[in-house]
>>> print(open('run-v6.txt').read())   # compact mmCIF, C-alpha atoms
# COMPACT_ATOMS: atom_id res chain seq x y z
CA ARG J 4 -54.23 98.84 54.51
CA ARG J 5 -56.04 101.05 52.05
CA SER J 6 -56.08 100.80 48.29
CA ARG J 7 -54.45 103.46 46.19
CA GLU J 8 -56.76 106.24 45.07
CA SER J 9 -57.72 106.18 41.44
CA ALA J 10 -56.59 109.75 40.75
CA PRO J 11 -54.47 112.36 42.50
CA PRO J 12 -56.48 115.12 44.22
CA GLY J 13 -57.75 117.70 41.75
CA THR J 14 -57.41 115.41 38.73
CA ARG J 15 -60.38 114.45 36.64
CA LEU J 16 -60.63 110.89 35.41
CA CYS J 17 -60.90 112.06 31.80
CA ASP J 18 -57.45 113.67 32.09
CA TYR J 19 -55.84 110.25 31.89
CA GLY J 20 -56.88 109.64 28.28
CA PRO J 21 -57.77 106.32 26.72
CA PRO J 22 -56.13 103.18 28.06
CA PRO J 23 -53.09 101.96 26.12
CA PRO J 24 -53.68 99.16 23.62
CA PRO J 25 -52.82 95.67 24.85
CA PRO J 26 -49.28 94.59 23.97
CA VAL J 27 -48.78 92.44 20.90
CA ARG J 28 -47.97 88.88 22.02
CA TYR J 29 -45.43 87.13 19.82
CA VAL J 30 -45.06 83.37 19.59
CA SER J 31 -42.44 81.19 17.98
CA ARG J 32 -43.44 77.91 16.36
CA ILE J 33 -41.58 75.05 14.70
CA HIS J 34 -42.88 72.11 12.70
CA VAL J 35 -42.27 68.65 14.15
CA GLU J 36 -40.29 67.58 11.07
CA ASP J 37 -37.87 70.47 11.66
CA ILE J 38 -37.60 69.51 15.34
CA CYS J 39 -36.66 65.96 14.31
CA ALA J 40 -34.11 67.22 11.79
CA ALA J 41 -32.48 69.44 14.44
CA LEU J 42 -32.40 66.61 16.99
CA LEU J 43 -30.85 64.20 14.49
CA ALA J 44 -28.27 66.81 13.49
CA SER J 45 -27.39 67.37 17.15
CA MET J 46 -26.71 63.63 17.59
CA VAL J 47 -24.25 63.44 14.71
CA GLN J 48 -22.20 66.49 15.70
CA PRO J 49 -18.59 65.43 16.32
CA ALA J 50 -17.70 65.37 20.02
CA GLY J 51 -15.92 68.57 20.96
CA ALA J 52 -16.80 70.35 17.71
CA ALA J 53 -16.82 74.09 18.09
CA ASP J 54 -20.23 75.43 19.08
CA SER J 55 -21.87 71.98 19.06
CA SER J 56 -22.69 71.64 22.75
CA GLY J 57 -25.06 73.56 24.95
CA ILE J 58 -28.61 74.68 24.43
CA PHE J 59 -30.20 75.30 21.05
CA ASN J 60 -33.42 77.24 20.58
CA LEU J 61 -35.60 75.26 18.19
CA ALA J 62 -37.94 77.71 16.46
CA ASP J 63 -38.95 78.72 12.96
CA ASP J 64 -37.69 81.87 11.25
CA ALA J 65 -40.75 84.04 11.86
CA PRO J 66 -41.91 84.86 15.37
CA ALA J 67 -45.33 86.35 14.79
CA PRO J 68 -48.15 87.96 16.76
CA ARG J 69 -50.23 85.21 18.36
CA GLY J 70 -53.46 86.57 16.87
CA GLU J 71 -51.96 86.47 13.36
CA VAL J 72 -50.95 82.82 13.78
CA MET J 73 -54.37 81.85 15.16
CA ALA J 74 -56.20 83.73 12.39
CA HIS J 75 -54.11 81.96 9.75
CA ALA J 76 -54.81 78.57 11.33
CA ALA J 77 -58.54 79.33 11.49
CA ALA J 78 -58.54 80.39 7.82
CA LEU J 79 -56.77 77.18 6.77
CA LEU J 80 -59.38 75.14 8.64
CA GLY J 81 -62.32 77.26 7.51
CA ALA J 82 -63.16 77.75 11.19
CA PRO J 83 -64.15 80.84 13.15
CA LEU J 84 -61.24 82.32 15.08
CA ALA J 85 -62.59 81.39 18.53
CA ALA J 86 -62.84 77.73 17.48
CA ALA J 87 -59.18 77.82 16.51
CA GLY J 88 -58.19 78.60 20.09
CA ASP J 89 -58.33 82.36 20.54
CA ALA J 90 -58.61 82.59 24.33
CA ASP J 91 -59.57 86.26 24.28
CA ALA J 92 -62.48 85.69 21.90
CA ALA J 93 -63.66 82.49 23.54
CA GLY J 94 -63.88 84.02 27.00
CA ALA J 95 -65.05 82.01 29.99
CA GLY J 96 -65.13 78.67 28.18
CA VAL J 97 -61.33 78.60 27.88
CA SER J 98 -59.09 76.81 30.37
CA ARG J 99 -56.75 78.68 32.68
CA ARG J 100 -53.81 77.15 30.84
CA ALA J 101 -55.07 78.41 27.47
CA ARG J 102 -55.65 81.88 28.91
CA ARG J 103 -52.12 81.91 30.39
CA ARG J 104 -50.62 80.79 27.08
CA ALA J 105 -52.52 83.54 25.27
CA ALA J 106 -50.82 86.12 27.50
CA GLU J 107 -47.29 84.76 27.01
CA HIS J 108 -44.70 86.54 24.92
CA LYS J 109 -42.19 84.19 23.28
CA ARG J 110 -39.98 85.55 20.57
CA VAL J 111 -37.17 83.03 20.08
CA ASP J 112 -33.87 83.55 18.24
CA ASN J 113 -32.97 80.46 16.20
CA ALA J 114 -29.68 81.76 14.71
CA ARG J 115 -27.47 79.23 16.52
CA MET J 116 -29.71 76.31 15.54
CA ARG J 117 -29.58 77.40 11.90
CA ARG J 118 -25.83 77.99 11.93
CA VAL J 119 -24.80 74.74 13.67
CA LEU J 120 -27.58 72.18 13.20
CA LEU J 121 -29.54 73.18 10.10
CA PRO J 122 -27.30 75.34 7.89
CA GLY J 123 -29.39 74.32 4.87
CA GLY J 124 -32.44 75.92 6.45
CA LEU J 125 -35.76 74.69 7.76
CA ARG J 126 -38.14 72.58 5.72
CA TYR J 127 -40.98 74.78 7.07
CA PRO J 128 -39.35 78.19 7.64
CA THR J 129 -42.44 79.96 9.02
CA TYR J 130 -45.67 79.09 10.75
CA ARG J 131 -47.46 79.56 7.41
CA GLU J 132 -45.74 76.61 5.71
CA GLY J 133 -45.95 74.46 8.84
CA LEU J 134 -49.66 75.06 9.39
CA ALA J 135 -50.39 74.55 5.70
CA LYS J 136 -48.71 71.13 5.82
CA ILE J 137 -50.71 70.18 8.93
CA ALA J 138 -53.97 71.37 7.35
CA GLN J 139 -53.24 69.35 4.17
CA ARG J 140 -52.63 66.22 6.22
CA GLU J 141 -55.82 66.71 8.23
CA GLN J 142 -57.84 67.29 5.05
CA ARG J 143 -56.48 64.05 3.53
CA ARG J 144 -57.49 62.20 6.70
CA GLY J 145 -60.93 63.77 6.56
CA SER J 146 -60.50 65.40 9.98
CA VAL J 147 -61.38 68.83 8.57
CA ALA J 148 -63.16 70.04 5.48
CA PRO J 149 -61.16 72.05 2.94
CA PRO J 150 -61.71 75.81 3.41
CA GLY J 151 -64.12 77.60 1.15
>>> encode(input="run-v6.txt", output="structure tokens")
Amino acid sequence: RRSRESAPPGTRLCDYGPPPPPPVRYVSRIHVEDICAALLASMVQPAGAADSSGIFNLADDAPAPRGEVMAHAAALLGAPLAAAGDADAAGAGVSRRARRRAAEHKRVDNARMRRVLLPGGLRYPTYREGLAKIAQREQRRGSVAPPG
């Protein structure tokens, strides 16, 4: 079996133009306190209540590009981006699992969770508030230095 040729006969390689940019990879996050609130709310739903059974997507309100989330986390920690877990920047030193996760695309709709389980909203509605809370806790523990 032969490989496919790189260009049709009579075509120059430069006729293809630049390669397309890599796709933006979105991720959905949710703070552990919001997960607990949703789980508790699911346990107190009346049996047989309309729309109370089935699967709920637990996610915050702002799916965001993975790089944006990682850059924000790195800034909160005062760390370089690669140290915050950017698999593309870290290169060969990153595990296969981390590389696979960096290529995933997970944009999750949380409308049903918000409507049925948490109609009052999330305590940490986006990754920004959730990561800020985590960074504050880690700074109080002395695990990380305050940025700046």
>>> atom_distance(input="run-v6.txt", atom1="CA of Arg131 in chain J", atom2="CA of Leu80 in chain J")
12.8 Å
>>> closest_residue(input="run-v6.txt", among="J:Val30, J:Val35, J:Leu79, J:Ala40", to="Gly123 in chain J", atoms="all atoms listed in the file")
J:Ala40
>>> closest_atom_pairs(input="run-v6.txt", of="range 16-41 of chain J", to="range 134-144 of chain J", cutoff="12 Å", atoms="all atoms listed in the file", output="Markdown table")
| residue | atom | partner | partner_atom | distance |
| --- | --- | --- | --- | --- |
| J:Arg32 | CA | J:Leu134 | CA | 9.8 |
| J:Ile33 | CA | J:Leu134 | CA | 9.7 |
| J:His34 | CA | J:Leu134 | CA | 8.1 |
| J:Val35 | CA | J:Ile137 | CA | 10.0 |
| J:Glu36 | CA | J:Lys136 | CA | 10.5 |
>>> atom_distance(input="run-v6.txt", atom1="CA of Ala74 in chain J", atom2="CA of Arg115 in chain J")
29.4 Å
>>> atom_distance(input="run-v6.txt", atom1="CA of Tyr29 in chain J", atom2="CA of Arg110 in chain J")
5.7 Å
>>> residues_near_point(input="run-v6.txt", point="(-25.5, 65.6, 14.2)", cutoff="12 Å", atoms="only C-alpha atoms", output="PDB file with C-alpha atoms, in the coordinates of the input")
ATOM      1  CA  CYS J  39     -36.660  65.960  14.310  1.00  0.00           C
ATOM      2  CA  ALA J  40     -34.110  67.220  11.790  1.00  0.00           C
ATOM      3  CA  ALA J  41     -32.480  69.440  14.440  1.00  0.00           C
ATOM      4  CA  LEU J  42     -32.400  66.610  16.990  1.00  0.00           C
ATOM      5  CA  LEU J  43     -30.850  64.200  14.490  1.00  0.00           C
ATOM      6  CA  ALA J  44     -28.270  66.810  13.490  1.00  0.00           C
ATOM      7  CA  SER J  45     -27.390  67.370  17.150  1.00  0.00           C
ATOM      8  CA  MET J  46     -26.710  63.630  17.590  1.00  0.00           C
ATOM      9  CA  VAL J  47     -24.250  63.440  14.710  1.00  0.00           C
ATOM     10  CA  GLN J  48     -22.200  66.490  15.700  1.00  0.00           C
ATOM     11  CA  PRO J  49     -18.590  65.430  16.320  1.00  0.00           C
ATOM     12  CA  ALA J  50     -17.700  65.370  20.020  1.00  0.00           C
ATOM     13  CA  ALA J  52     -16.800  70.350  17.710  1.00  0.00           C
ATOM     14  CA  SER J  55     -21.870  71.980  19.060  1.00  0.00           C
ATOM     15  CA  SER J  56     -22.690  71.640  22.750  1.00  0.00           C
ATOM     16  CA  MET J 116     -29.710  76.310  15.540  1.00  0.00           C
ATOM     17  CA  VAL J 119     -24.800  74.740  13.670  1.00  0.00           C
ATOM     18  CA  LEU J 120     -27.580  72.180  13.200  1.00  0.00           C
ATOM     19  CA  LEU J 121     -29.540  73.180  10.100  1.00  0.00           C
ATOM     20  CA  PRO J 122     -27.300  75.340   7.890  1.00  0.00           C
TER      21      PRO J 122
END
>>> closest_residue(input="run-v6.txt", among="J:Gly133, J:Pro21, J:Pro26, J:Gly124", to="Arg69 in chain J", atoms="all atoms listed in the file")
J:Pro26
>>> residues_near_point(input="run-v6.txt", point="(-39.7, 85.8, 18.9)", cutoff="12 Å", atoms="all atoms listed in the file", output="CSV table (one decimal) with C-alpha atoms, in the coordinates of the input")
chain,number,residue,atom,x,y,z
J,27,VAL,CA,-48.8,92.4,20.9
J,28,ARG,CA,-48.0,88.9,22.0
J,29,TYR,CA,-45.4,87.1,19.8
J,30,VAL,CA,-45.1,83.4,19.6
J,31,SER,CA,-42.4,81.2,18.0
J,32,ARG,CA,-43.4,77.9,16.4
J,33,ILE,CA,-41.6,75.0,14.7
J,60,ASN,CA,-33.4,77.2,20.6
J,61,LEU,CA,-35.6,75.3,18.2
J,62,ALA,CA,-37.9,77.7,16.5
J,63,ASP,CA,-39.0,78.7,13.0
J,64,ASP,CA,-37.7,81.9,11.2
J,65,ALA,CA,-40.8,84.0,11.9
J,66,PRO,CA,-41.9,84.9,15.4
J,67,ALA,CA,-45.3,86.4,14.8
J,68,PRO,CA,-48.2,88.0,16.8
J,69,ARG,CA,-50.2,85.2,18.4
J,107,GLU,CA,-47.3,84.8,27.0
J,108,HIS,CA,-44.7,86.5,24.9
J,109,LYS,CA,-42.2,84.2,23.3
J,110,ARG,CA,-40.0,85.6,20.6
J,111,VAL,CA,-37.2,83.0,20.1
J,112,ASP,CA,-33.9,83.6,18.2
J,113,ASN,CA,-33.0,80.5,16.2
J,114,ALA,CA,-29.7,81.8,14.7
J,129,THR,CA,-42.4,80.0,9.0
>>> axis_aligned_box(input="run-v6.txt", around="range 35-49 of chain J", padding_each_side="6 Å", output="AutoDock Vina command-line options")
--center_x -30.4 --center_y 67.0 --center_z 14.3 --size_x 35.7 --size_y 19.0 --size_z 18.5
>>> build_atoms(input="run-v6.txt", residues="range 69-84 of chain J", atoms="N, CA, C and O atoms", output="compact mmCIF listing (two decimals), in the frame of the given file")
# COMPACT_ATOMS: atom_id res chain seq x y z
N ARG J 69 -49.40 86.39 18.10
CA ARG J 69 -50.23 85.21 18.36
C ARG J 69 -51.55 85.27 17.58
O ARG J 69 -51.98 84.29 16.99
N GLY J 70 -52.19 86.42 17.57
CA GLY J 70 -53.46 86.57 16.87
C GLY J 70 -53.33 86.30 15.38
O GLY J 70 -54.22 85.73 14.75
N GLU J 71 -52.20 86.70 14.79
CA GLU J 71 -51.96 86.47 13.36
C GLU J 71 -51.83 84.97 13.08
O GLU J 71 -52.39 84.46 12.11
N VAL J 72 -51.11 84.26 13.95
CA VAL J 72 -50.95 82.82 13.78
C VAL J 72 -52.30 82.11 13.92
O VAL J 72 -52.65 81.25 13.11
N MET J 73 -53.07 82.49 14.94
CA MET J 73 -54.37 81.85 15.16
C MET J 73 -55.34 82.16 14.03
O MET J 73 -56.10 81.29 13.60
N ALA J 74 -55.32 83.38 13.51
CA ALA J 74 -56.20 83.73 12.39
C ALA J 74 -55.83 82.93 11.14
O ALA J 74 -56.71 82.47 10.41
N HIS J 75 -54.54 82.75 10.92
CA HIS J 75 -54.11 81.96 9.75
C HIS J 75 -54.55 80.51 9.90
O HIS J 75 -55.04 79.90 8.94
N ALA J 76 -54.39 79.95 11.09
CA ALA J 76 -54.81 78.57 11.33
C ALA J 76 -56.32 78.43 11.13
O ALA J 76 -56.79 77.47 10.49
N ALA J 77 -57.08 79.38 11.64
CA ALA J 77 -58.54 79.33 11.49
C ALA J 77 -58.92 79.40 10.01
O ALA J 77 -59.80 78.67 9.55
N ALA J 78 -58.24 80.26 9.25
CA ALA J 78 -58.54 80.39 7.82
C ALA J 78 -58.23 79.09 7.08
O ALA J 78 -59.00 78.66 6.21
N LEU J 79 -57.12 78.45 7.42
CA LEU J 79 -56.77 77.18 6.77
C LEU J 79 -57.81 76.10 7.05
O LEU J 79 -58.08 75.25 6.21
N LEU J 80 -58.39 76.14 8.25
CA LEU J 80 -59.38 75.14 8.64
C LEU J 80 -60.80 75.53 8.26
O LEU J 80 -61.73 74.73 8.43
N GLY J 81 -60.97 76.78 7.80
CA GLY J 81 -62.32 77.26 7.51
C GLY J 81 -63.15 77.38 8.77
O GLY J 81 -64.36 77.19 8.75
N ALA J 82 -62.49 77.68 9.88
CA ALA J 82 -63.16 77.75 11.19
C ALA J 82 -63.20 79.19 11.68
O ALA J 82 -62.35 80.00 11.31
N PRO J 83 -64.17 79.52 12.52
CA PRO J 83 -64.15 80.84 13.15
C PRO J 83 -62.94 80.93 14.09
O PRO J 83 -62.48 79.91 14.61
N LEU J 84 -62.45 82.13 14.29
CA LEU J 84 -61.24 82.32 15.08
C LEU J 84 -61.34 81.72 16.48
O LEU J 84 -60.42 81.04 16.93
